[in-house]
Amino acid sequence: MIGYARMMLHKLSNNGCHARMREHLALERLPHDELRHRQFWLAATFLKHAYETVPYYRNAMDELGLRPEHVRSFAEYGKLPVLTREVIRERKADLVSSAMPRKVVAALRGMAEGCVPTQVPRDKAARDETQANWLLCLTFAGWTLADMVVRLYTASGAEAGNLVQPGVREWLAGTLSVDVRTHRPEDMAKWVRAIRRCGKSYLLGNAWVMSDMADYLDKAGIRLGNVRGAVTPGGRASAEQRQRIEASFGCVVHDLYGCSEVPCIAMECMEGNLHLLAHSAYVEFDPDPWCGAPCVLVTDINNKAMPVIRFATGDRAVPVDGDCGCGRGFPLMRMVCAAETWFLTAEGRYLPGGDFVSQVARLCGGADVRLRQWAPGEVRVLVTTGDAAALERVEGFCRQAGGTAYPGLSFSVARGDDRMAAPVAGGRASD
């Protein structure tokens, strides 16, 4: 009954977050191809808006001789410039859309000049979409409308220091907001009392806050039996944090991958897999020319106030083929370490390089080795030292690897030089 009461409340208050969340729930069962087609249509429409209303993108595309109607595939989308945090800091006023009402544009530009350097202003529609995505991500952890959401957040200004207790308003809204700006034991004791009053609950907050609270629960000998899941936005919880949170709260931790510029990019399901939220963001895996892990580029297709297109998050990840046991159609990805070796095949698949470098180095007597992704499916192996016999051994090893361990890849061997130490600027190999 409480779930139906909340649905009616949100309809009466004209709150579209839950309606949007239900639309997203319907999308997650669509086939990959249909999701991708819909995603491209949204991205192309968003690009047209950015070109027509945002000076930065209009100038950048004009310099490339590129217009929105020329972008007819995701491959052509990749011709657009990469947006970095440095560009956001230096050109923020030029990134604000003129399509917003005049007062909103003035306010957003004021925010752009006065807020945290890389903070991205968002309009109401984008904020509502973020709320809807948070609710969608909670369903990955098992949340339903009948359950409470306890949002552990850092308040500011007039909100600072206030702890909202679950009253009628919070019960109907289904959300309890807890100010976690301070971490004194007496503050966490209040959090515990508030969470206990909520009944069946799911936590949404930073991993470090939850791990600190887990320490408090352990020291106080407290066990909360009503927390059924925890979602950590903003990035992955460390293995140690996950273990502490799960042991103390008695629930599973799910990672919501995102950043301050694009809050919702991918969500972890019950199977432990990260699903790309294809309805909300378009993610590219930009190959590293030196065979490092691909860089994550993301386009937020919701925030029309300040479009974020092909933004370099600074993270590394690879796409994952196949379906997930949870049954969702959203494509999969896996976060990886920047130092790992990855090869890009001619078909566009990524293969882990494993200990390829160390094996080549042993064949050359411990020589320095660098791998250059010359083109999709083509890898150049550069070694600094070694006689002709050593290079022959490396060539034989590479021929065998291309036919067995790394099918579809061809390796060529050459002596390296001082250019081995510097990756190619712009992320592409050149002659």
# chains A, B, ... in the order shown; residues from 1 in each chain; ligands from 1
call {"tool": "residues_around", "arguments": {"residues": "stretch 75-81 of chain A", "least_positions_apart": "6", "cutoff": "8 Å", "atoms": "only C-alpha atoms", "output": "PyMOL selection string"}}
result
chain A and resi 60-61+310
call {"tool": "residues_around", "arguments": {"residues": "A:Ser280", "least_positions_apart": "6", "cutoff": "9 Å", "atoms": "only C-alpha atoms", "output": "VMD selection string"}}
result
chain A and resid 39 42 129 to 130 133 264 to 265 299 to 302
call {"tool": "write_last_selection", "arguments": {"atoms": "all heavy atoms", "output": "compact mmCIF listing (two decimals), in the first residue's frame"}}
result
# COMPACT_ATOMS: atom_id res chain seq x y z
N GLN A 39 19.76 4.92 -28.66
CA GLN A 39 20.82 5.74 -28.08
C GLN A 39 21.42 6.68 -29.11
O GLN A 39 21.66 7.86 -28.82
CB GLN A 39 21.91 4.83 -27.50
CG GLN A 39 23.02 5.58 -26.78
CD GLN A 39 24.13 4.64 -26.34
OE1 GLN A 39 24.61 3.81 -27.12
NE2 GLN A 39 24.56 4.76 -25.09
N LEU A 42 19.11 9.62 -29.77
CA LEU A 42 19.18 10.60 -28.69
C LEU A 42 20.48 11.40 -28.76
O LEU A 42 20.47 12.62 -28.58
CB LEU A 42 19.09 9.89 -27.34
CG LEU A 42 17.74 9.27 -26.97
CD1 LEU A 42 17.87 8.42 -25.71
CD2 LEU A 42 16.69 10.35 -26.77
N GLU A 129 16.19 13.90 -14.32
CA GLU A 129 16.65 12.67 -14.96
C GLU A 129 17.67 11.95 -14.07
O GLU A 129 17.66 10.72 -13.98
CB GLU A 129 17.27 13.00 -16.32
CG GLU A 129 17.68 11.79 -17.14
CD GLU A 129 16.50 10.98 -17.63
OE1 GLU A 129 15.35 11.49 -17.58
OE2 GLU A 129 16.71 9.83 -18.06
N THR A 130 18.53 12.73 -13.41
CA THR A 130 19.48 12.12 -12.49
C THR A 130 18.76 11.43 -11.34
O THR A 130 19.13 10.31 -10.95
CB THR A 130 20.44 13.20 -11.93
OG1 THR A 130 21.18 13.78 -13.02
CG2 THR A 130 21.43 12.58 -10.94
N ASN A 133 17.36 8.25 -12.60
CA ASN A 133 18.42 7.25 -12.78
C ASN A 133 18.87 6.67 -11.45
O ASN A 133 19.19 5.47 -11.37
CB ASN A 133 19.60 7.87 -13.52
CG ASN A 133 19.41 7.88 -15.02
OD1 ASN A 133 18.77 6.99 -15.58
ND2 ASN A 133 19.93 8.90 -15.68
N CYS A 264 25.48 9.51 -13.71
CA CYS A 264 25.05 8.12 -13.86
C CYS A 264 25.54 7.57 -15.20
O CYS A 264 25.00 7.92 -16.26
CB CYS A 264 23.52 8.02 -13.77
SG CYS A 264 22.85 8.60 -12.20
N ILE A 265 26.54 6.70 -15.15
CA ILE A 265 27.12 6.12 -16.37
C ILE A 265 26.85 4.62 -16.43
O ILE A 265 26.42 4.10 -17.46
CB ILE A 265 28.63 6.40 -16.43
CG1 ILE A 265 28.89 7.91 -16.45
CG2 ILE A 265 29.24 5.73 -17.66
CD1 ILE A 265 30.35 8.28 -16.39
N THR A 299 29.35 10.82 -23.08
CA THR A 299 28.47 11.91 -23.49
C THR A 299 27.20 11.84 -22.66
O THR A 299 26.51 10.82 -22.67
CB THR A 299 28.13 11.83 -24.97
OG1 THR A 299 29.32 11.96 -25.76
CG2 THR A 299 27.15 12.92 -25.38
N ASP A 300 26.91 12.91 -21.94
CA ASP A 300 25.66 13.00 -21.17
C ASP A 300 24.58 13.50 -22.12
O ASP A 300 24.62 14.65 -22.56
CB ASP A 300 25.85 13.96 -20.00
CG ASP A 300 24.63 14.02 -19.08
OD1 ASP A 300 23.56 13.54 -19.49
OD2 ASP A 300 24.75 14.56 -17.97
N ILE A 301 23.62 12.66 -22.46
CA ILE A 301 22.60 13.04 -23.45
C ILE A 301 21.35 13.61 -22.80
O ILE A 301 20.28 13.65 -23.41
CB ILE A 301 22.23 11.84 -24.36
CG1 ILE A 301 21.83 10.61 -23.54
CG2 ILE A 301 23.39 11.49 -25.26
CD1 ILE A 301 21.53 9.40 -24.39
N ASN A 302 21.50 14.10 -21.55
CA ASN A 302 20.37 14.68 -20.82
C ASN A 302 20.53 16.15 -20.50
O ASN A 302 19.55 16.89 -20.51
CB ASN A 302 20.14 13.92 -19.50
CG ASN A 302 19.69 12.50 -19.72
OD1 ASN A 302 18.77 12.25 -20.47
ND2 ASN A 302 20.37 11.56 -19.07
call {"tool": "select_by_dssp", "arguments": {"residues": "stretch 57-271 of chain A", "states": "strand (DSSP E)", "output": "PyMOL selection string"}}
result
chain A and resi 148-153+175-179+201-205+227-233+252-257+266-268
call {"tool": "closest_atom_pairs", "arguments": {"of": "stretch 242-339 of chain A", "to": "stretch 371-395 of chain A", "cutoff": "7 Å", "atoms": "only C-alpha atoms", "output": "CSV"}}
result
residue,atom,partner,partner_atom,distance
A:Pro289,CA,A:Gln373,CA,5.0
A:Trp290,CA,A:Arg372,CA,4.6
A:Cys291,CA,A:Gln373,CA,5.7
call {"tool": "residues_around", "arguments": {"residues": "A:Pro55", "least_positions_apart": "4", "cutoff": "8 Å", "atoms": "only C-alpha atoms", "output": "ChimeraX atom specification"}}
result
/A:51,59,94-95,97
call {"tool": "write_last_selection", "arguments": {"atoms": "N, CA and C atoms", "output": "CSV table (one decimal), in the first residue's frame"}}
result
chain,number,residue,atom,x,y,z
A,51,TYR,N,25.2,22.1,-31.2
A,51,TYR,CA,25.7,22.8,-32.3
A,51,TYR,C,25.0,24.2,-32.4
A,59,ASN,N,31.8,26.3,-32.7
A,59,ASN,CA,33.1,26.7,-33.2
A,59,ASN,C,34.0,25.4,-33.5
A,94,ASP,N,31.5,29.4,-22.4
A,94,ASP,CA,31.2,29.1,-23.8
A,94,ASP,C,30.5,27.7,-23.9
A,95,LEU,N,30.4,27.0,-22.8
A,95,LEU,CA,29.7,25.7,-22.8
A,95,LEU,C,28.3,25.7,-22.4
A,97,SER,N,24.4,26.6,-22.8
A,97,SER,CA,23.5,26.7,-23.9
A,97,SER,C,22.7,27.9,-23.8
call {"tool": "residues_around", "arguments": {"residues": "A:Lys304", "least_positions_apart": "6", "cutoff": "10 Å", "atoms": "only C-alpha atoms", "output": "ChimeraX atom specification"}}
result
/A:46-47,49-50,53-54,96-100,121-126
call {"tool": "residues_around", "arguments": {"residues": "A:Phe285", "least_positions_apart": "2", "cutoff": "10 Å", "atoms": "only C-alpha atoms", "output": "list in words"}}
result
Val283, Pro287, Asp288, Ala293, Pro294, Cys295, Val296, Leu297, Val298, Arg316, Ala317, Val318, Pro319, Met333 and Tyr350 of chain A
call {"tool": "closest_residue", "arguments": {"among": "A:Leu277, A:Ala220, A:Ala361, A:Ala405", "to": "A:Leu27", "atoms": "only C-alpha atoms"}}
result
A:Leu277
call {"tool": "select_by_dssp", "arguments": {"residues": "stretch 10-89 of chain A", "states": "helix (DSSP H, G or I)", "output": "PyMOL selection string"}}
result
chain A and resi 10-12+17-27+32-53+55-63+68-70+74-77+85-89
call {"tool": "closest_residue", "arguments": {"among": "A:Ala44, A:Ala230, A:Ala132, A:Val71", "to": "A:Cys17", "atoms": "only C-alpha atoms"}}
result
A:Ala132
call {"tool": "atom_distance", "arguments": {"atom1": "atom CA of A:Arg370", "atom2": "atom CA of A:Gly416"}}
result
8.0 Å
call {"tool": "atom_distance", "arguments": {"atom1": "atom CA of A:Glu186", "atom2": "atom CA of A:Asp212"}}
result
13.3 Å
call {"tool": "residues_around", "arguments": {"residues": "A:Gly329", "least_positions_apart": "3", "cutoff": "10 Å", "atoms": "only C-alpha atoms", "output": "PyMOL selection string"}}
result
chain A and resi 27-35+275-278+322-324+326+332
call {"tool": "residues_around", "arguments": {"residues": "stretch 241-243 of chain A", "least_positions_apart": "5", "cutoff": "9 Å", "atoms": "only C-alpha atoms", "output": "number ranges by chain"}}
result
A: 207-208, 210-211, 248, 252-254
call {"tool": "atom_distance", "arguments": {"atom1": "atom CA of A:Val262", "atom2": "atom CA of A:Gly205"}}
result
16.3 Å
